[in-house]
file entry-v9.cif (mmCIF, C-alpha atoms)
data_target
#
loop_
_atom_site.label_atom_id
_atom_site.label_comp_id
_atom_site.auth_asym_id
_atom_site.auth_seq_id
_atom_site.Cartn_x
_atom_site.Cartn_y
_atom_site.Cartn_z
CA MET A 106 17.57 43.17 -95.13
CA LEU A 107 20.66 43.06 -92.96
CA THR A 108 23.01 45.95 -92.81
CA THR A 109 26.03 45.45 -90.66
CA THR A 110 26.79 48.35 -88.43
CA THR A 111 30.10 49.51 -87.14
CA SER A 112 31.32 49.02 -83.62
CA ALA A 113 29.52 50.28 -80.53
CA PRO A 114 29.29 54.04 -79.93
CA ASP A 115 31.90 55.70 -77.78
CA PRO A 116 30.87 54.76 -74.23
CA GLN A 117 31.77 57.97 -72.39
CA PRO A 118 29.16 60.31 -73.89
CA LEU A 119 26.53 57.61 -73.28
CA ALA A 120 27.64 57.20 -69.67
CA ASP A 121 27.37 60.98 -69.23
CA LEU A 122 23.87 60.96 -70.68
CA ILE A 123 22.82 58.18 -68.31
CA GLY A 124 24.27 60.21 -65.45
CA ARG A 125 22.16 63.18 -66.49
CA CYS A 126 19.09 60.95 -66.75
CA ALA A 127 19.67 60.08 -63.09
CA LEU A 128 19.31 63.82 -62.41
CA ARG A 129 16.00 63.73 -64.28
CA ASP A 130 17.29 65.61 -67.32
CA GLU A 131 14.70 64.85 -69.99
CA ASN A 132 16.79 66.32 -72.80
CA ALA A 133 19.59 63.93 -71.94
CA PHE A 134 17.09 61.08 -72.04
CA VAL A 135 15.92 62.08 -75.51
CA THR A 136 19.52 62.37 -76.75
CA LEU A 137 20.32 58.97 -75.28
CA TYR A 138 17.23 57.52 -76.94
CA ARG A 139 18.11 58.99 -80.33
CA ALA A 140 21.67 57.66 -80.10
CA THR A 141 20.78 54.11 -79.10
CA SER A 142 17.17 53.17 -79.87
CA ALA A 143 17.66 51.91 -83.44
CA LYS A 144 20.39 49.55 -82.36
CA LEU A 145 18.41 48.30 -79.38
CA LEU A 146 15.22 47.85 -81.38
CA GLY A 147 17.23 45.71 -83.79
CA VAL A 148 18.33 43.48 -80.91
CA ILE A 149 14.79 43.22 -79.53
CA LEU A 150 13.22 42.58 -82.91
CA ARG A 151 15.26 39.46 -83.43
CA ILE A 152 13.92 38.03 -80.19
CA VAL A 153 10.27 39.03 -80.33
CA VAL A 154 10.01 39.23 -84.16
CA GLN A 155 6.78 41.21 -84.34
CA ARG A 156 7.22 44.92 -84.70
CA HIS A 157 4.53 46.21 -82.36
CA TRP A 158 5.65 43.87 -79.57
CA ALA A 159 9.25 44.89 -80.14
CA GLU A 160 8.37 48.57 -79.81
CA GLU A 161 6.46 47.87 -76.62
CA VAL A 162 9.51 46.11 -75.21
CA LEU A 163 11.68 49.04 -76.31
CA GLN A 164 9.42 51.51 -74.55
CA GLU A 165 9.32 49.54 -71.28
CA GLY A 166 13.07 49.08 -71.52
CA TYR A 167 13.76 52.80 -71.85
CA LEU A 168 11.44 53.48 -68.96
CA ASN A 169 13.62 51.14 -66.90
CA VAL A 170 16.72 52.97 -68.14
CA TRP A 171 15.16 56.24 -66.96
CA ARG A 172 14.12 54.83 -63.60
CA HIS A 173 17.34 53.03 -62.84
CA ALA A 174 19.78 55.49 -64.36
CA GLY A 175 20.88 56.41 -60.84
CA SER A 176 22.09 52.89 -60.20
CA TYR A 177 24.21 52.72 -63.35
CA ASN A 178 27.96 52.70 -62.88
CA ALA A 179 30.97 51.33 -64.72
CA GLY A 180 30.77 48.14 -62.64
CA ARG A 181 27.58 47.31 -64.51
CA GLY A 182 29.39 47.19 -67.85
CA ALA A 183 29.63 49.59 -70.76
CA PRO A 184 26.52 51.75 -71.26
CA MET A 185 25.41 49.79 -74.32
CA THR A 186 25.96 46.48 -72.51
CA TRP A 187 23.85 47.69 -69.61
CA MET A 188 21.05 48.97 -71.82
CA THR A 189 21.16 45.92 -74.10
CA ASN A 190 20.78 43.72 -71.07
CA ILE A 191 17.75 45.69 -69.87
CA MET A 192 16.13 45.31 -73.29
CA ARG A 193 16.97 41.61 -73.58
CA ASN A 194 15.51 40.90 -70.15
CA GLN A 195 12.38 42.80 -71.07
CA ALA A 196 12.14 40.83 -74.32
CA LEU A 197 12.64 37.48 -72.57
CA ASP A 198 9.93 38.47 -70.07
CA LEU A 199 7.58 39.11 -72.95
CA LEU A 200 8.22 35.64 -74.37
CA ARG A 201 6.72 34.22 -71.18
CA ARG A 202 3.51 36.20 -71.43
CA ALA A 203 0.54 34.08 -72.38
CA GLU A 204 -0.97 36.42 -74.96
CA TYR A 205 2.31 36.51 -76.78
CA ARG A 206 3.17 32.83 -76.72
CA GLY A 207 2.71 30.90 -79.90
CA LYS A 208 2.34 33.97 -82.08
CA ARG A 209 6.01 34.30 -82.54
CA ARG A 210 7.49 31.32 -84.24
CA GLU A 211 5.39 31.14 -87.36
CA THR A 212 6.65 34.35 -88.84
CA GLU A 213 9.97 35.34 -90.19
CA VAL A 214 11.97 32.83 -88.21
CA GLU A 215 13.74 31.56 -91.29
CA GLU A 216 14.55 35.11 -92.25
CA THR A 217 16.01 36.07 -88.91
CA LEU A 218 17.85 32.79 -88.77
CA ALA A 219 19.42 33.54 -92.10
CA ALA A 220 20.47 36.87 -90.68
CA SER A 221 22.20 35.22 -87.73
CA ASN A 222 24.17 32.99 -90.08
CA ALA A 223 25.39 36.04 -91.89
CA GLY A 224 27.91 35.34 -94.60
CA PRO A 225 31.55 36.21 -94.95
CA GLN A 226 30.85 39.40 -96.90
CA GLN A 227 30.33 41.03 -93.53
CA GLN A 228 33.69 40.06 -92.14
CA THR A 229 35.32 43.17 -93.52
CA GLU A 230 33.05 45.41 -91.47
CA MET A 231 33.40 43.57 -88.19
CA SER A 232 35.03 45.12 -85.18
CA ALA A 233 38.13 43.36 -83.91
CA GLU A 234 36.13 42.17 -80.88
CA LEU A 235 33.44 40.56 -83.00
CA ALA A 236 36.01 38.95 -85.31
CA ARG A 237 37.72 37.48 -82.27
CA LEU A 238 34.45 36.20 -80.85
CA HIS A 239 33.65 34.59 -84.19
CA ARG A 240 37.04 32.92 -84.37
CA CYS A 241 36.23 31.38 -80.97
CA LEU A 242 32.69 30.42 -82.01
CA GLU A 243 34.20 28.67 -85.05
CA LYS A 244 35.85 26.23 -82.64
CA LEU A 245 32.47 24.90 -81.55
CA GLY A 246 30.68 22.21 -83.53
CA GLU A 247 28.31 23.56 -86.15
CA GLN A 248 25.11 22.51 -84.38
CA GLN A 249 26.51 23.61 -81.06
CA ARG A 250 27.34 27.04 -82.44
CA ARG A 251 23.92 27.31 -84.04
CA CYS A 252 22.22 26.54 -80.71
CA VAL A 253 24.29 29.13 -78.87
CA LEU A 254 23.40 31.76 -81.47
CA LEU A 255 19.72 30.80 -81.61
CA ILE A 256 19.52 31.26 -77.86
CA HIS A 257 21.40 34.54 -77.89
CA HIS A 258 20.07 36.20 -81.02
CA GLU A 259 16.59 34.77 -81.37
CA GLY A 260 15.76 34.26 -77.71
CA TYR A 261 15.17 30.54 -78.13
CA SER A 262 14.94 28.62 -74.89
CA PRO A 263 17.19 25.54 -74.73
CA ALA A 264 14.03 23.42 -75.13
CA GLU A 265 13.04 25.27 -78.30
CA ALA A 266 16.56 24.98 -79.66
CA ALA A 267 16.51 21.23 -78.93
CA GLN A 268 13.23 20.87 -80.80
CA ARG A 269 14.54 22.79 -83.74
CA GLU A 270 17.75 20.82 -83.95
CA ALA A 271 15.91 17.54 -83.23
CA VAL A 272 18.19 16.60 -80.37
CA PRO A 273 17.38 15.88 -76.70
CA LEU A 274 17.19 18.87 -74.34
CA GLY A 275 20.08 17.45 -72.32
CA THR A 276 22.27 17.60 -75.40
CA VAL A 277 21.55 21.28 -75.91
CA LYS A 278 22.21 22.02 -72.24
CA THR A 279 25.55 20.22 -72.49
CA TRP A 280 26.42 22.05 -75.71
CA VAL A 281 25.66 25.38 -74.09
CA ARG A 282 27.71 24.67 -70.97
CA ARG A 283 30.68 23.27 -72.85
CA GLY A 284 30.36 25.99 -75.45
CA LEU A 285 30.52 28.69 -72.79
CA ILE A 286 33.59 27.10 -71.19
CA ARG A 287 35.36 26.90 -74.56
CA LEU A 288 34.40 30.44 -75.43
CA ARG A 289 35.76 31.78 -72.19
CA GLU A 290 39.00 29.84 -72.59
CA CYS A 291 39.40 30.95 -76.17
CA LEU A 292 38.62 34.62 -75.43
CA SER A 293 41.01 34.81 -72.51
CA ALA A 294 43.81 33.03 -74.40
CA MET B 152 23.36 22.86 -55.85
CA ARG B 153 26.40 24.70 -54.55
CA TYR B 154 26.08 28.23 -55.85
CA ASP B 155 29.37 29.26 -54.27
CA ASP B 156 31.44 27.00 -56.53
CA PRO B 157 33.28 29.45 -58.84
CA GLN B 158 33.14 27.11 -61.84
CA LEU B 159 29.40 26.66 -61.49
CA GLN B 160 28.87 30.35 -60.80
CA ASP B 161 30.65 31.20 -64.01
CA ILE B 162 28.64 28.76 -66.10
CA LEU B 163 25.37 29.99 -64.62
CA ALA B 164 26.42 33.60 -65.21
CA GLY B 165 27.24 32.69 -68.83
CA GLU B 166 23.91 30.91 -69.29
CA TYR B 167 22.12 33.90 -67.81
CA ALA B 168 23.91 36.39 -70.07
CA LEU B 169 23.33 34.19 -73.11
CA GLY B 170 19.62 33.86 -72.34
CA ALA B 171 19.70 30.12 -71.71
CA LEU B 172 18.39 30.48 -68.15
CA ARG B 173 14.65 30.98 -68.38
CA GLY B 174 11.54 31.25 -66.29
CA ALA B 175 11.83 30.49 -62.58
CA ALA B 176 15.52 29.58 -62.87
CA ARG B 177 16.22 33.01 -64.37
CA ALA B 178 14.35 34.80 -61.58
CA ARG B 179 16.13 32.71 -58.94
CA PHE B 180 19.49 33.49 -60.45
CA GLU B 181 18.70 37.23 -60.54
CA THR B 182 17.91 37.14 -56.83
CA LEU B 183 21.24 35.42 -56.15
CA ALA B 184 23.16 37.86 -58.34
CA ARG B 185 21.63 40.84 -56.55
CA GLN B 186 22.90 39.49 -53.24
CA ASP B 187 26.35 38.41 -54.40
CA PRO B 188 28.61 41.07 -55.97
CA ARG B 189 31.04 38.42 -57.28
CA LEU B 190 28.27 36.63 -59.11
CA HIS B 191 27.03 39.96 -60.46
CA ARG B 192 30.55 40.72 -61.67
CA ARG B 193 30.65 37.41 -63.54
CA VAL B 194 27.38 38.24 -65.26
CA VAL B 195 28.70 41.61 -66.41
CA GLU B 196 31.88 39.94 -67.68
CA TRP B 197 29.81 37.52 -69.74
CA GLN B 198 27.62 40.31 -71.05
CA GLU B 199 30.74 42.16 -72.16
CA ARG B 200 32.13 39.01 -73.82
CA LEU B 201 28.92 38.49 -75.79
CA ALA B 202 28.25 42.19 -76.48
CA PRO B 203 30.07 42.28 -79.86
CA LEU B 204 27.39 39.91 -81.22
CA ALA B 205 24.95 42.83 -81.20
CA GLU B 206 26.99 44.36 -84.02
CA GLU B 207 25.59 41.72 -86.36
CA THR B 208 22.10 42.97 -85.82
CA ALA B 209 20.64 45.49 -88.20
CA GLU B 210 19.55 48.80 -86.75
CA VAL B 211 15.84 49.46 -87.02
CA ALA B 212 14.53 52.96 -86.37
CA PRO B 213 11.55 52.86 -84.02
CA SER B 214 8.38 54.69 -84.99
CA PRO B 215 8.12 58.25 -83.60
CA ARG B 216 5.23 57.31 -81.33
CA VAL B 217 7.59 55.34 -79.05
CA LEU B 218 9.53 58.47 -78.11
CA ALA B 219 6.35 60.53 -77.92
CA SER B 220 4.87 58.05 -75.47
CA LEU B 221 8.10 57.88 -73.46
CA ARG B 222 8.20 61.66 -73.14
CA ARG B 223 4.72 61.59 -71.62
CA ARG B 224 5.62 58.78 -69.28
CA ILE B 225 8.81 60.29 -67.88
CA GLU B 226 7.24 63.62 -67.02
CA PRO B 227 7.66 64.35 -63.34
CA VAL B 228 4.60 63.67 -61.25
CA GLU B 229 4.80 67.04 -59.49
CA ALA B 230 1.10 67.71 -59.40
CA PRO B 231 -1.27 70.38 -58.14
CA PRO B 232 -2.62 69.73 -54.63
CA ARG B 233 -5.89 68.11 -55.43
CA TRP B 234 -4.47 66.04 -58.24
CA TRP B 235 -6.60 62.99 -57.45
CA ASN B 236 -9.69 64.97 -58.32
CA ARG B 237 -8.54 65.36 -61.86
CA LEU B 238 -10.25 63.04 -64.29
CA ASP B 239 -7.04 62.12 -66.08
CA PHE B 240 -5.65 60.73 -62.84
CA TRP B 241 -8.55 58.37 -62.39
CA ARG B 242 -9.00 57.40 -66.02
CA PRO B 243 -6.28 54.73 -65.92
CA PHE B 244 -8.04 53.20 -62.92
CA GLY B 245 -11.24 52.88 -64.93
CA ALA B 246 -12.51 49.62 -66.27
CA ALA B 247 -9.34 47.60 -65.86
CA ALA B 248 -8.72 48.59 -62.27
CA ALA B 249 -12.37 48.24 -61.32
CA THR B 250 -12.35 44.69 -62.64
CA LEU B 251 -9.18 44.06 -60.77
CA VAL B 252 -10.54 45.36 -57.49
CA VAL B 253 -13.65 43.21 -57.80
CA ALA B 254 -11.55 40.17 -58.65
CA LEU B 255 -9.28 40.96 -55.75
CA ALA B 256 -12.19 41.40 -53.40
CA ALA B 257 -13.47 38.00 -54.44
CA TYR B 258 -10.04 36.57 -53.88
CA LEU B 259 -9.96 38.06 -50.41
CA GLY B 260 -13.38 36.65 -49.67
CA VAL B 261 -15.04 40.02 -49.33
CA GLN B 262 -18.47 40.52 -50.74
CA LEU B 263 -18.83 44.07 -51.85
CA ALA B 264 -22.54 43.68 -52.59
CA SER B 265 -23.58 42.69 -49.09
CA PRO B 266 -22.55 44.32 -45.82
CA PRO B 267 -19.26 42.69 -44.91
CA ALA B 268 -19.19 40.72 -41.70
CA THR B 269 -16.94 42.21 -39.06
CA VAL B 270 -14.51 39.34 -38.84
CA PRO B 271 -11.20 40.51 -37.41
CA PHE B 272 -9.23 38.94 -40.27
CA ASP B 273 -10.98 40.88 -43.00
CA PRO B 274 -8.80 43.39 -44.77
CA ARG B 275 -10.04 46.92 -44.22
CA TYR B 276 -8.19 48.72 -46.99
CA VAL B 277 -6.70 47.59 -50.25
CA ALA B 278 -4.54 49.33 -52.82
CA VAL B 279 -3.55 47.78 -56.12
CA LEU B 280 -0.41 49.61 -57.14
CA THR B 281 0.25 49.73 -60.85
CA ASP B 282 3.40 50.54 -62.74
CA ALA B 283 3.78 53.29 -65.31
CA ALA B 284 2.12 51.04 -67.89
CA GLN B 285 -0.89 50.62 -65.56
CA LYS B 286 -0.04 46.99 -65.00
CA PRO B 287 -0.67 45.76 -61.44
CA ALA B 288 2.64 45.37 -59.60
CA ILE B 289 1.98 45.26 -55.88
CA VAL B 290 -1.12 44.57 -53.78
CA VAL B 291 -1.17 46.21 -50.36
CA THR B 292 -3.89 45.21 -47.91
CA ALA B 293 -4.33 46.75 -44.47
CA TYR B 294 -5.73 44.81 -41.53
CA ASN B 295 -6.53 45.84 -37.98
CA ASN B 296 -6.26 43.91 -34.68
CA PRO B 297 -3.32 44.28 -34.77
CA PHE B 298 -2.65 47.03 -37.32
CA ARG B 299 -0.61 45.61 -40.17
CA LEU B 300 -0.02 45.66 -43.90
CA ILE B 301 0.31 42.65 -46.13
CA VAL B 302 2.48 43.62 -49.09
CA GLU B 303 2.33 41.26 -52.02
CA PRO B 304 4.51 41.97 -55.06
CA ILE B 305 2.89 40.46 -58.13
CA GLN B 306 5.56 41.67 -60.53
CA THR B 307 9.27 41.27 -60.05
CA VAL B 308 10.27 44.38 -58.16
CA ALA B 309 14.01 44.89 -58.37
CA VAL B 310 15.91 47.07 -55.96
CA GLN B 311 19.52 48.17 -56.07
CA PRO B 312 21.80 47.10 -53.21
CA GLY B 313 21.74 49.71 -50.45
CA ASN B 314 18.33 50.98 -51.50
CA VAL B 315 14.98 50.23 -49.93
CA LEU B 316 11.41 50.18 -51.17
CA ARG B 317 9.12 52.53 -49.26
CA ILE B 318 5.38 52.90 -49.26
CA TRP B 319 4.13 56.49 -49.06
CA ALA B 320 0.61 57.45 -48.12
CA VAL B 321 -0.92 60.38 -50.00
CA ASP B 322 -3.13 62.26 -47.56
CA ARG B 323 -6.70 62.75 -48.79
CA ALA B 324 -7.10 66.22 -47.33
CA SER B 325 -3.72 67.84 -47.97
CA GLY B 326 -2.18 65.82 -50.78
CA THR B 327 1.05 65.51 -48.80
CA ARG B 328 2.99 62.28 -48.79
CA ARG B 329 3.90 60.61 -45.53
CA ARG B 330 6.20 57.66 -45.15
CA LEU B 331 4.19 54.57 -44.24
CA ALA B 332 6.41 51.50 -44.38
CA GLU B 333 9.39 49.75 -45.90
CA PHE B 334 9.27 46.36 -47.50
CA LYS B 335 11.54 43.87 -49.17
CA PRO B 336 11.27 42.99 -52.85
CA GLY B 337 10.33 39.56 -54.05
CA GLN B 338 8.08 38.11 -51.37
CA ALA B 339 4.69 38.59 -49.79
CA GLN B 340 5.23 39.95 -46.34
CA ARG B 341 3.61 41.30 -43.23
CA VAL B 342 4.57 44.79 -42.09
CA PRO B 343 3.37 45.79 -38.59
CA LEU B 344 1.87 49.29 -38.32
CA SER B 345 1.83 51.68 -35.40
CA ASP B 346 -1.36 53.56 -34.47
CA ALA B 347 0.05 56.52 -36.39
CA GLY B 348 0.64 54.26 -39.41
CA TRP B 349 -2.96 53.06 -39.30
CA ALA B 350 -4.14 56.67 -39.22
CA LEU B 351 -2.10 57.33 -42.36
CA VAL B 352 -3.79 54.42 -44.12
CA LYS B 353 -7.24 55.65 -43.05
CA GLY B 354 -6.49 59.13 -44.34
CA ALA B 355 -4.85 57.99 -47.57
CA VAL B 356 -6.39 58.61 -50.95
CA ALA B 357 -3.58 56.69 -52.62
CA LEU B 358 -0.45 54.72 -51.85
CA GLU B 359 2.82 55.03 -53.73
CA VAL B 360 6.05 53.03 -53.78
CA ARG B 361 9.46 54.54 -54.31
CA GLU B 362 12.93 53.06 -54.41
CA GLU B 363 15.08 55.21 -52.16
CA THR B 364 18.38 55.28 -50.39
CA ILE B 365 18.06 54.27 -46.76
CA ALA B 366 18.95 57.80 -45.69
CA ALA B 367 16.40 59.55 -47.92
CA ALA B 368 14.09 61.68 -45.80
CA GLY B 369 11.40 62.86 -48.18
CA PRO B 370 9.72 61.11 -51.08
CA SER B 371 12.50 61.03 -53.66
CA GLY B 372 11.85 60.91 -57.37
CA PRO B 373 8.70 59.79 -59.13
CA ALA B 374 6.70 56.92 -57.70
CA LEU B 375 7.51 53.56 -59.28
CA TYR B 376 4.06 52.24 -58.44
CA SER B 377 0.89 53.89 -57.28
CA GLY B 378 -2.78 53.21 -56.84
CA PRO B 379 -5.88 54.44 -55.00
CA CYS B 380 -6.33 53.25 -51.44
CA ILE B 381 -9.79 51.78 -51.13
CA ASN B 382 -11.80 51.37 -47.95
CA LEU B 383 -13.41 47.93 -48.28
CA LYS B 384 -16.18 48.85 -45.85
CA GLY B 385 -17.26 51.31 -48.46
CA PRO B 386 -18.50 54.84 -47.89
CA LYS B 387 -20.85 55.50 -44.97
CA ILE B 388 -24.31 55.53 -46.57
CA SER B 389 -27.35 55.31 -44.35
#

call {"tool": "encode", "arguments": {"input": "entry-v9.cif", "output": "structure tokens"}}
result
Amino acid sequence: MLTTTTSAPDPQPLADLIGRCALRDENAFVTLYRATSAKLLGVILRIVVQRHWAEEVLQEGYLNVWRHAGSYNAGRGAPMTWMTNIMRNQALDLLRRAEYRGKRRETEVEETLAASNAGPQQQTEMSAELARLHRCLEKLGEQQRRCVLLIHHEGYSPAEAAQREAVPLGTVKTWVRRGLIRLRECLSA
Amino acid sequence: MRYDDPQLQDILAGEYALGALRGAARARFETLARQDPRLHRRVVEWQERLAPLAEETAEVAPSPRVLASLRRRIEPVEAPPRWWNRLDFWRPFGAAAATLVVALAAYLGVQLASPPATVPFDPRYVAVLTDAAQKPAIVVTAYNNPFRLIVEPIQTVAVQPGNVLRIWAVDRASGTRRRLAEFKPGQAQRVPLSDAGWALVKGAVALEVREETIAAAGPSGPALYSGPCINLKGPKIS
């Protein structure tokens, strides 16, 4: 099911497209969508799992991209980082909605989890940045690393991660905080 | 909690970027980050650190209807003069909005079925502004004695630093948009109106909200939120 993709697209053309979206250029919007939507849907799908919800999140997310294109600048991160963040926020919002709650966990969780623990066969295709991040993640305890990735990839709340790992919530919170400190130290070393 | 401690700021920014901050804590943090450029910077740094993880995720092509729907939704709202007379404008305000208005009226203590008592604290006009997905985002109620608006965001309404949110009144007769008021995101608030402002409300067929630069003179860009402006006294029927 999983196909590893190569590193992020060249940021400058994407930044230009976002700039043209700010000028209400619909063709630029469509080009931007075609260049980025498959990647972003992949990210959303891991969090919300169900396809029709994920596409709804994608649509709302792109609408936000269109509306807020004028406020995008390099200070907000690379174009993909900015758009990914918009989509992730939209997805996390959805997880709070009552009609969605409870429908999510029963399906496909094991499958997506397996995907997040992807094996070493992928290492050859990783970008240098991802390889470096993984080397730093390796320094965390196994459960700690799994919690960090569950929260990031699957949109688990710390409470859900604690339940899954059968540890107290406080333990997960401590793991996350210490994990983030170690990651930052390792990445800036 | 001391939010200005750099160590704590960085951990919170990391937790936010990771997705570990949820619910009310997440919303609170977003408000703080909007007001504090250093905190915002830390968030972006964390997002960049974690960004390579997205590489591990398989691409999934969305179905064509997503783009088709987006194309419809981003079309400019430049409309012919009497656009509110067109059926397709009102259709979204059909059943869902009607239910909403009735529920809202009940919430406000107004009985639409019987002649409303002329208590000075009754709202006179109400507009439920919906977003592009027709989800209610902001409730604007207008009161007299003294003339004022109560603006109540019911969705998170984000605004970029340096920009403001403005309410525009769409005139019933001419279809022109006139600036009515500014408001702040994130909280229910009272906005005093001048006599001229009250006249705009009375003459409005709809209200719209735009995010604009402070200097913007005219209505800029498409409305983020819009909805019909309803006179709660109802039409004059003898």

call {"tool": "closest_atom_pairs", "arguments": {"input": "entry-v9.cif", "of": "chain B", "to": "chain A", "cutoff": "6 Å", "atoms": "all atoms listed in the file", "output": "Markdown table"}}
result
| residue | atom | partner | partner_atom | distance |
| --- | --- | --- | --- | --- |
| B:Leu169 | CA | A:His257 | CA | 5.2 |
| B:Gly170 | CA | A:His257 | CA | 5.9 |
| B:Ala171 | CA | A:Ser262 | CA | 5.9 |
| B:Val195 | CA | A:Gly182 | CA | 5.8 |
| B:Pro203 | CA | A:Leu235 | CA | 4.9 |
| B:Glu206 | CA | A:Thr110 | CA | 6.0 |
| B:Glu207 | CA | A:Thr109 | CA | 5.7 |
| B:Thr208 | CA | A:Gly147 | CA | 5.9 |
| B:Ala209 | CA | A:Thr108 | CA | 5.2 |
| B:Glu210 | CA | A:Lys144 | CA | 4.5 |
| B:Val211 | CA | A:Ala143 | CA | 4.7 |
| B:Ala212 | CA | A:Ala143 | CA | 4.4 |

call {"tool": "resolve_selection", "arguments": {"input": "entry-v9.cif", "expression": "the PyMOL selection byres ((chain B and resi 300-314) around 7)", "output": "JSON, numbers by chain"}}
result
{"A": [176], "B": [288, 289, 290, 291, 292, 293, 294, 299, 315, 316, 336, 337, 338, 339, 340, 341, 342, 343, 344, 362, 363, 364, 365]}

call {"tool": "write_last_selection", "arguments": {"input": "entry-v9.cif", "atoms": "C-alpha atoms", "output": "PDB file, keeping the file's coordinate frame"}}
result
ATOM      1  CA  SER A 176      22.090  52.890 -60.200  1.00  0.00           C
TER       2      SER A 176
ATOM      3  CA  ALA B 288       2.640  45.370 -59.600  1.00  0.00           C
ATOM      4  CA  ILE B 289       1.980  45.260 -55.880  1.00  0.00           C
ATOM      5  CA  VAL B 290      -1.120  44.570 -53.780  1.00  0.00           C
ATOM      6  CA  VAL B 291      -1.170  46.210 -50.360  1.00  0.00           C
ATOM      7  CA  THR B 292      -3.890  45.210 -47.910  1.00  0.00           C
ATOM      8  CA  ALA B 293      -4.330  46.750 -44.470  1.00  0.00           C
ATOM      9  CA  TYR B 294      -5.730  44.810 -41.530  1.00  0.00           C
ATOM     10  CA  ARG B 299      -0.610  45.610 -40.170  1.00  0.00           C
ATOM     11  CA  VAL B 315      14.980  50.230 -49.930  1.00  0.00           C
ATOM     12  CA  LEU B 316      11.410  50.180 -51.170  1.00  0.00           C
ATOM     13  CA  PRO B 336      11.270  42.990 -52.850  1.00  0.00           C
ATOM     14  CA  GLY B 337      10.330  39.560 -54.050  1.00  0.00           C
ATOM     15  CA  GLN B 338       8.080  38.110 -51.370  1.00  0.00           C
ATOM     16  CA  ALA B 339       4.690  38.590 -49.790  1.00  0.00           C
ATOM     17  CA  GLN B 340       5.230  39.950 -46.340  1.00  0.00           C
ATOM     18  CA  ARG B 341       3.610  41.300 -43.230  1.00  0.00           C
ATOM     19  CA  VAL B 342       4.570  44.790 -42.090  1.00  0.00           C
ATOM     20  CA  PRO B 343       3.370  45.790 -38.590  1.00  0.00           C
ATOM     21  CA  LEU B 344       1.870  49.290 -38.320  1.00  0.00           C
ATOM     22  CA  GLU B 362      12.930  53.060 -54.410  1.00  0.00           C
ATOM     23  CA  GLU B 363      15.080  55.210 -52.160  1.00  0.00           C
ATOM     24  CA  THR B 364      18.380  55.280 -50.390  1.00  0.00           C
ATOM     25  CA  ILE B 365      18.060  54.270 -46.760  1.00  0.00           C
TER      26      ILE B 365
END

call {"tool": "atom_distance", "arguments": {"input": "entry-v9.cif", "atom1": "atom CA of Gly326 of chain B", "atom2": "atom CA of Ala355 of chain B"}}
result
8.9 Å

call {"tool": "resolve_selection", "arguments": {"input": "entry-v9.cif", "expression": "the PyMOL selection byres ((chain B and resi 377) around 10)", "output": "short mmCIF file (atom, residue, chain, number, x, y, z; two decimals) with C-alpha atoms, in the coordinates of the input"}}
result
data_model
loop_
_atom_site.label_atom_id
_atom_site.label_comp_id
_atom_site.auth_asym_id
_atom_site.auth_seq_id
_atom_site.Cartn_x
_atom_site.Cartn_y
_atom_site.Cartn_z
CA ALA B 278 -4.54 49.33 -52.82
CA VAL B 279 -3.55 47.78 -56.12
CA LEU B 280 -0.41 49.61 -57.14
CA THR B 281 0.25 49.73 -60.85
CA ASP B 282 3.40 50.54 -62.74
CA ALA B 283 3.78 53.29 -65.31
CA GLN B 285 -0.89 50.62 -65.56
CA PRO B 287 -0.67 45.76 -61.44
CA ALA B 288 2.64 45.37 -59.60
CA ILE B 289 1.98 45.26 -55.88
CA ILE B 318 5.38 52.90 -49.26
CA TRP B 319 4.13 56.49 -49.06
CA ALA B 320 0.61 57.45 -48.12
CA VAL B 321 -0.92 60.38 -50.00
CA ALA B 357 -3.58 56.69 -52.62
CA LEU B 358 -0.45 54.72 -51.85
CA GLU B 359 2.82 55.03 -53.73
CA VAL B 360 6.05 53.03 -53.78
CA ARG B 361 9.46 54.54 -54.31
CA PRO B 373 8.70 59.79 -59.13
CA ALA B 374 6.70 56.92 -57.70
CA LEU B 375 7.51 53.56 -59.28
CA TYR B 376 4.06 52.24 -58.44
CA GLY B 378 -2.78 53.21 -56.84
CA PRO B 379 -5.88 54.44 -55.00
CA CYS B 380 -6.33 53.25 -51.44
#

call {"tool": "atom_distance", "arguments": {"input": "entry-v9.cif", "atom1": "atom CA of Leu119 of chain A", "atom2": "atom CA of Met188 of chain A"}}
result
10.3 Å

call {"tool": "atom_distance", "arguments": {"input": "entry-v9.cif", "atom1": "atom CA of Ile152 of chain A", "atom2": "atom CA of Ser214 of chain B"}}
result
18.2 Å

call {"tool": "closest_residue", "arguments": {"input": "entry-v9.cif", "among": "A:Leu242, A:Cys252, A:Ala133, A:Ala140", "to": "Pro116 of chain A", "atoms": "all atoms listed in the file"}}
result
A:Ala140

call {"tool": "closest_residue", "arguments": {"input": "entry-v9.cif", "among": "B:Ala366, B:Phe298, B:Arg173, B:Val277", "to": "Ala347 of chain B", "atoms": "only C-alpha atoms"}}
result
B:Phe298
